[in-house]
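**Q** So I've got this file, query-v7.txt, and it contains compact mmCIF, C-alpha atoms:
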```txt
# COMPACT_ATOMS: atom_id res chain seq x y z
CA MET A 1 19.62 128.36 105.45
CA GLU A 2 22.09 127.33 102.77
CA TYR A 3 24.81 124.69 103.01
CA ALA A 4 27.52 124.10 100.43
CA LEU A 5 28.95 120.58 100.00
CA TYR A 6 32.09 120.09 97.94
CA GLY A 7 33.26 116.94 96.19
CA SER A 8 34.19 115.38 92.89
CA PRO A 9 31.45 114.71 90.32
CA GLY A 10 29.41 111.69 91.35
CA GLU A 11 30.54 111.77 94.99
CA LEU A 12 27.78 113.91 96.46
CA PRO A 13 24.23 112.68 97.17
CA SER A 14 21.35 114.09 95.21
CA LEU A 15 18.84 116.16 97.17
CA PRO A 16 15.56 116.35 95.24
CA GLU A 17 13.10 119.03 96.26
CA GLY A 18 10.81 117.97 99.08
CA ALA A 19 9.74 118.59 102.65
CA ALA A 20 11.28 117.68 106.01
CA ASP A 21 10.63 118.17 109.73
CA ILE A 22 13.47 120.15 111.32
CA GLY A 23 13.30 121.47 114.88
CA GLY A 24 9.57 120.84 115.03
CA ARG A 25 8.83 122.82 111.88
CA ARG A 26 7.92 121.71 108.38
CA VAL A 27 10.42 123.14 105.89
CA SER A 28 11.15 122.75 102.20
CA VAL A 29 14.47 121.26 101.12
CA ARG A 30 16.16 121.26 97.74
CA GLY A 31 19.61 120.66 96.33
CA GLU A 32 21.22 122.28 93.31
CA GLU A 33 24.65 122.87 91.87
CA VAL A 34 26.54 125.84 93.27
CA PRO A 35 26.44 128.79 90.82
CA ASP A 36 29.68 129.86 89.23
CA ASP A 37 29.64 133.14 91.18
CA TRP A 38 29.75 131.41 94.60
CA ALA A 39 33.11 132.99 95.48
CA GLU A 40 31.48 136.46 95.47
CA ARG A 41 27.85 135.61 96.22
CA TRP A 42 28.43 134.84 99.92
CA LYS A 43 29.48 138.45 100.48
CA ARG A 44 25.86 139.56 100.10
CA PHE A 45 25.11 138.07 103.51
CA HIS A 46 27.61 140.36 105.28
CA VAL A 47 26.51 143.98 105.42
CA PRO A 48 27.75 146.89 107.54
CA VAL A 49 25.88 147.83 110.71
CA LEU A 50 25.76 151.17 112.52
CA ILE A 51 25.34 150.85 116.28
CA GLY A 52 23.91 153.76 118.24
CA GLY A 53 25.30 156.24 115.73
CA ARG A 54 28.77 155.69 117.22
CA LEU A 55 30.08 152.28 116.08
CA TYR A 56 30.26 151.19 112.45
CA VAL A 57 31.07 147.52 111.88
CA ARG A 58 31.77 146.54 108.29
CA PRO A 59 33.45 143.88 106.14
CA PRO A 60 36.58 145.08 104.34
CA TRP A 61 34.93 145.40 100.90
CA GLU A 62 32.36 147.96 102.12
CA GLN A 63 33.03 151.68 102.08
CA PRO A 64 34.60 153.23 105.22
CA ALA A 65 32.54 155.33 107.59
CA VAL A 66 32.92 159.03 106.89
CA ARG A 67 30.81 160.36 109.75
CA PRO A 68 32.44 162.40 112.51
CA GLY A 69 32.38 160.77 115.91
CA VAL A 70 31.88 157.25 114.53
CA ALA A 71 34.42 154.56 115.43
CA GLU A 72 34.92 152.02 112.67
CA ILE A 73 35.54 148.29 113.15
CA VAL A 74 36.52 146.22 110.12
CA ILE A 75 35.98 142.47 110.44
CA ASP A 76 36.76 139.98 107.68
CA PRO A 77 33.92 137.40 107.63
CA ALA A 78 36.37 134.83 106.29
CA GLN A 79 37.47 134.47 109.92
CA ALA A 80 34.00 132.93 110.50
CA PHE A 81 33.81 133.76 114.21
CA GLY A 82 31.28 136.58 114.03
CA THR A 83 31.13 139.91 112.26
CA GLY A 84 28.95 142.01 114.55
CA ALA A 85 25.83 141.59 112.44
CA HIS A 86 24.26 138.84 114.58
CA PRO A 87 21.64 140.19 117.01
CA THR A 88 23.53 138.94 120.08
CA THR A 89 26.64 140.91 119.12
CA ARG A 90 24.76 144.02 118.02
CA LEU A 91 22.82 144.09 121.27
CA CYS A 92 26.06 143.79 123.26
CA LEU A 93 27.52 146.72 121.34
CA GLU A 94 24.41 148.82 122.03
CA LEU A 95 24.64 148.13 125.74
CA LEU A 96 28.39 148.77 125.74
CA LEU A 97 27.71 152.32 124.56
CA GLU A 98 25.63 152.93 127.69
CA ILE A 99 28.46 152.24 130.13
CA GLU A 100 30.08 155.45 131.32
CA SER A 101 33.15 153.97 133.00
CA ARG A 102 36.12 153.39 130.70
CA ASP A 103 38.15 151.22 133.05
CA SER A 104 39.20 147.59 132.53
CA PHE A 105 37.16 145.44 130.15
CA ALA A 106 37.02 141.68 129.53
CA ASP A 107 35.40 139.98 126.52
CA LEU A 108 34.45 136.40 127.48
CA GLY A 109 33.98 134.17 124.46
CA CYS A 110 35.56 136.77 122.21
CA GLY A 111 35.07 135.00 118.86
CA SER A 112 36.43 137.40 116.25
CA GLY A 113 37.14 140.07 118.89
CA VAL A 114 34.41 142.51 117.86
CA LEU A 115 33.46 143.48 121.43
CA ALA A 116 37.05 143.76 122.65
CA ILE A 117 38.03 145.89 119.66
CA ALA A 118 34.97 148.10 120.14
CA ALA A 119 35.83 148.54 123.83
CA ALA A 120 39.38 149.56 122.96
CA LYS A 121 38.14 152.09 120.41
CA LEU A 122 35.70 153.50 122.96
CA GLY A 123 38.52 154.10 125.42
CA PHE A 124 38.26 151.16 127.83
CA ALA A 125 41.63 150.12 129.24
CA PRO A 126 43.11 147.66 129.81
CA VAL A 127 41.17 145.35 127.47
CA ALA A 128 41.33 141.55 127.62
CA ALA A 129 39.77 138.89 125.40
CA PHE A 130 39.32 135.20 126.20
CA ASP A 131 38.04 132.20 124.26
CA SER A 132 38.40 128.43 124.47
CA ASP A 133 38.97 128.11 120.72
CA GLN A 134 42.47 128.77 119.43
CA GLY A 135 41.03 129.80 116.08
CA ALA A 136 39.05 132.54 117.81
CA ILE A 137 42.18 133.73 119.60
CA ASP A 138 44.07 133.89 116.30
CA ALA A 139 41.17 135.74 114.65
CA THR A 140 40.94 138.25 117.50
CA ARG A 141 44.65 139.01 117.35
CA ALA A 142 44.52 139.45 113.57
CA ASN A 143 41.45 141.67 113.70
CA ALA A 144 42.92 143.81 116.49
CA ARG A 145 46.03 144.32 114.40
CA ASP A 146 43.99 145.18 111.30
CA ASN A 147 41.97 147.70 113.32
CA ALA A 148 45.12 149.26 114.81
CA VAL A 149 44.12 148.65 118.42
CA VAL A 150 46.14 147.10 121.24
CA LEU A 151 44.46 144.43 123.35
CA ASP A 152 46.37 143.92 126.58
CA ARG A 153 45.53 140.22 126.88
CA VAL A 154 44.25 137.78 124.26
CA GLU A 155 44.34 134.29 125.72
CA ARG A 156 42.88 130.86 125.32
CA TRP A 157 40.78 130.26 128.43
CA ASP A 158 38.39 127.48 129.47
CA LEU A 159 35.56 129.25 131.29
CA ARG A 160 34.08 125.88 132.28
CA ARG A 161 37.10 125.10 134.42
CA GLU A 162 38.39 128.39 135.76
CA PRO A 163 37.01 131.92 136.22
CA PRO A 164 38.56 134.69 134.15
CA PRO A 165 40.65 137.52 135.62
CA ALA A 166 38.58 140.32 137.11
CA ALA A 167 37.59 143.43 135.15
CA ARG A 168 35.42 146.46 135.95
CA THR A 169 33.27 145.81 132.85
CA VAL A 170 32.63 142.31 131.47
CA ALA A 171 30.82 141.20 128.31
CA ALA A 172 29.85 137.53 128.16
CA ASN A 173 28.26 136.69 124.81
CA LEU A 174 27.96 132.98 125.51
CA MET A 175 24.99 130.62 125.92
CA ARG A 176 22.68 129.89 128.82
CA PRO A 177 24.39 126.72 130.21
CA LEU A 178 27.83 128.33 130.30
CA LEU A 179 26.52 131.63 131.66
CA LEU A 180 24.82 129.78 134.52
CA GLN A 181 27.96 127.76 135.19
CA LEU A 182 30.09 130.91 135.20
CA ALA A 183 27.84 132.95 137.52
CA PRO A 184 29.05 131.69 140.94
CA ARG A 185 32.72 131.86 139.91
CA LEU A 186 32.86 135.27 138.27
CA GLU A 187 34.31 138.07 140.41
CA GLN A 188 31.45 140.51 140.10
CA PRO A 189 32.23 143.54 137.97
CA ASP A 190 30.73 147.02 138.13
CA ALA A 191 28.89 146.33 134.87
CA LEU A 192 28.12 143.02 133.18
CA ILE A 193 26.63 142.41 129.74
CA VAL A 194 25.22 138.90 129.23
CA SER A 195 24.06 137.85 125.79
CA GLY A 196 23.68 134.80 123.56
CA LEU A 197 20.28 134.28 125.21
CA LEU A 198 16.86 133.45 123.87
CA GLU A 199 14.12 135.71 125.23
CA GLU A 200 12.78 133.07 127.60
CA GLU A 201 16.23 132.43 129.10
CA ALA A 202 17.05 135.99 130.12
CA ASP A 203 15.23 136.11 133.48
CA GLU A 204 16.94 132.97 134.79
CA VAL A 205 20.43 134.08 133.75
CA ALA A 206 20.02 137.65 135.05
CA ALA A 207 18.89 136.31 138.43
CA ALA A 208 21.94 134.04 138.63
CA TYR A 209 24.23 137.09 138.79
CA ALA A 210 22.62 138.69 141.86
CA PRO A 211 23.30 141.00 143.63
CA LEU A 212 23.89 142.70 140.28
CA GLN A 213 20.63 144.29 139.14
CA GLU A 214 19.21 144.61 135.66
CA ARG A 215 19.56 148.10 134.22
CA ARG A 216 18.44 147.47 130.66
CA ARG A 217 17.32 144.62 128.43
CA LEU A 218 17.36 144.59 124.62
CA THR A 219 15.71 142.01 122.39
CA ASP A 220 15.92 141.46 118.65
CA LYS A 221 14.71 138.54 116.52
CA GLY A 222 14.19 136.35 119.56
CA TRP A 223 17.64 137.04 121.05
CA THR A 224 18.21 139.01 124.26
CA ALA A 225 21.07 140.87 125.94
CA VAL A 226 20.95 142.25 129.47
CA LEU A 227 23.02 144.94 131.18
CA LEU A 228 23.53 144.27 134.89
CA VAL A 229 25.09 146.73 137.35
```
As structure tokens, please, write out the structure in this file.

**A**
Amino acid sequence: MEYALYGSPGELPSLPEGAADIGGRRVSVRGEEVPDDWAERWKRFHVPVLIGGRLYVRPPWEQPAVRPGVAEIVIDPAQAFGTGAHPTTRLCLELLLEIESRDSFADLGCGSGVLAIAAAKLGFAPVAAFDSDQGAIDATRANARDNAVVLDRVERWDLRREPPPAARTVAANLMRPLLLQLAPRLEQPDALIVSGLLEEEADEVAAAYAPLQERRRLTDKGWTAVLLV
């Protein structure tokens, strides 16, 4: 993990190489001046991903998809709300491809809008996106515009205080505490994708949304997403 700290010469603390205990693990730590190519170097961490042979999510500097039948989603990582490369988002996209109905869709905790934009490109309608962060709402609107899709609703919404409007398909890429809090207040959809979960949290969260039943579970790098119907 790399952090960049900015300041005038002499303002920043020195970080000599050494060891530290972080999250119960022994790790090595070092500090060094940022290389001159920092403005371009960060782009190496954002690579395109192909989901199920049907969705291609890429940053704007990568080459467009040229495969027939592949829907392309372009997300600028500068928005910093998610690009589709994180396992939780990729797993949601994989499960989204398995849903046959193309009726109403709601993206809860939309971040950069990747899931909502993908749903619109796959033919879901109407499509709504909700997030508590105004920056995420602005990013979702901008990304929808750049991807030439129309999202019917993009609104700031506090899921801790009020349930979202109903939709036939719902994707909730959140975290365990909020997913558990949302469960008794969500008007149950025909299909629900829950993600943002560690492997050991998935059983508890899936059970909280009964009578919906688990259809499929995907896990990658310790993260899990579950499709409930």

**Q** Pick out the residues sitting within 7 Å of Asn147 of chain A, and hand them over as number ranges by chain; count all atoms listed in the file, and ignore anything fewer than 2 positions along from it in its own chain.

**A** A: 73-74, 143-145, 149

**Q** Do a neighbour search on Leu50 of chain A at 12 Å with all atoms listed in the file, toss out local chain neighbours closer than 4 positions, and write the hits as a ChimeraX atom specification.

**A** /A:54-58,64-65,67,70-73,84-85,90-91,93-94

**Q** Tell me which residues come within 6 Å of (20.2, 139.6, 118.6), as a ChimeraX atom specification, counting all atoms listed in the file in the file's coordinates.

**A** /A:86-88,91,220-221,223

**Q** Per residue of segment 54-125 of chain A within 10 Å of segment 152-169 of chain A, what are the shortest atom pair and its distance in Å to one decimal, counting all atoms listed in the file, with rows by chain and residue number, as a Markdown table?

**A**
```
| residue | atom | partner | partner_atom | distance |
| --- | --- | --- | --- | --- |
| A:Leu96 | CA | A:Thr169 | CA | 9.1 |
| A:Ile99 | CA | A:Thr169 | CA | 8.5 |
| A:Ser101 | CA | A:Thr169 | CA | 8.2 |
| A:Arg102 | CA | A:Thr169 | CA | 8.4 |
| A:Asp103 | CA | A:Arg168 | CA | 6.2 |
| A:Ser104 | CA | A:Ala167 | CA | 5.2 |
| A:Phe105 | CA | A:Thr169 | CA | 4.7 |
| A:Ala106 | CA | A:Ala167 | CA | 5.9 |
| A:Asp107 | CA | A:Thr169 | CA | 8.9 |
| A:Leu108 | CA | A:Pro164 | CA | 8.0 |
| A:Gly109 | CA | A:Leu159 | CA | 8.6 |
| A:Cys110 | CA | A:Val154 | CA | 9.0 |
| A:Gly113 | CA | A:Val154 | CA | 9.2 |
| A:Ala116 | CA | A:Val154 | CA | 9.5 |
| A:Ala119 | CA | A:Thr169 | CA | 9.8 |
| A:Ala120 | CA | A:Asp152 | CA | 9.7 |
| A:Phe124 | CA | A:Thr169 | CA | 8.9 |
| A:Ala125 | CA | A:Asp152 | CA | 8.2 |
```

**Q** So, counting only C-alpha atoms, which residue among A:Leu95, A:Ala225, A:Leu218, A:Leu212 is closest to Met175 of chain A?

**A**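 Nearest to Met175 of chain A: A:Ala225.
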
**Q** Determine the nearest neighbour of Val194 of chain A from the options A:Leu174, A:Pro16, A:Glu2, A:Val114, counting only C-alpha atoms.

**A**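 Under the stated criterion, the closest residue is A:Leu174.
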
**Q** Identify which of the residues A:Met1, A:Ala207, A:Ala139, A:Cys92 lies closest to Ile193 of chain A, counting all atoms listed in the file when measuring atom-to-atom distances.

**A**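 Of A:Met1, A:Ala207, A:Ala139, A:Cys92, the one nearest Ile193 of chain A, counting all atoms listed in the file, is A:Cys92.
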
**Q** Of the candidates A:Asp190, A:Glu200, A:Glu62, A:Glu33, which one gets nearest to Val49 of chain A if we count all atoms listed in the file?

**A**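 Of A:Asp190, A:Glu200, A:Glu62, A:Glu33, the one nearest Val49 of chain A, counting all atoms listed in the file, is A:Glu62.
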
**Q** Can you work out which one of A:Glu98, A:Glu204, A:Asp131, A:Glu11 has the shortest atom-to-atom distance to Ala183 of chain A, counting all atoms listed in the file?

**A**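 When distances to Ala183 of chain A are compared using all atoms listed in the file, the smallest one comes from A:Glu204.
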
**Q** To one decimal place, how far is atom CA of Ala136 of chain A from atom CA of Ser112 of chain A in Å?

**A** 5.7 Å

**Q** What does the distance from atom CA of Leu186 of chain A to atom CA of Ala171 of chain A come to in Å, to one decimal?

**A** 11.8 Å

**Q** Rounded to one decimal, what separation in Å do you get between atom CA of Phe45 of chain A and atom CA of Ala4 of chain A?

**A**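 If I compute the distance from atom CA of Phe45 of chain A to atom CA of Ala4 of chain A, I get 14.5 Å.
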
**Q** Please write out, as lines of an AutoDock Vina configuration file, where the centre of an axis-aligned box around all listed atoms of segment 184-191 of chain A lies and how long its edges are, in Å to one decimal, after adding 6 Å on each side.

**A**
```
center_x = 31.6
center_y = 139.4
center_z = 137.9
size_x = 17.4
size_y = 27.3
size_z = 18.1
```

**Q** Counting only C-alpha atoms, which residue out of A:Leu198, A:Ile75, A:Ala148, A:Val205 sits closest to Gly222 of chain A?

**A**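 Nearest to Gly222 of chain A: A:Leu198.
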
**Q** Neighbours of Glu214 of chain A within 8 Å (only C-alpha atoms; same-chain residues fewer than 6 positions away dropped), as a list of chain:residue names?

**A**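 Returned residues: A:Ala206, A:Val226, A:Leu227, A:Leu228, A:Val229.
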
**Q** Could you write those residues out with C-alpha atoms, as a compact mmCIF listing (two decimals), in the coordinates of the input?

**A**
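Now in result20.txt:
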```txt
# COMPACT_ATOMS: atom_id res chain seq x y z
CA ALA A 206 20.02 137.65 135.05
CA VAL A 226 20.95 142.25 129.47
CA LEU A 227 23.02 144.94 131.18
CA LEU A 228 23.53 144.27 134.89
CA VAL A 229 25.09 146.73 137.35
```
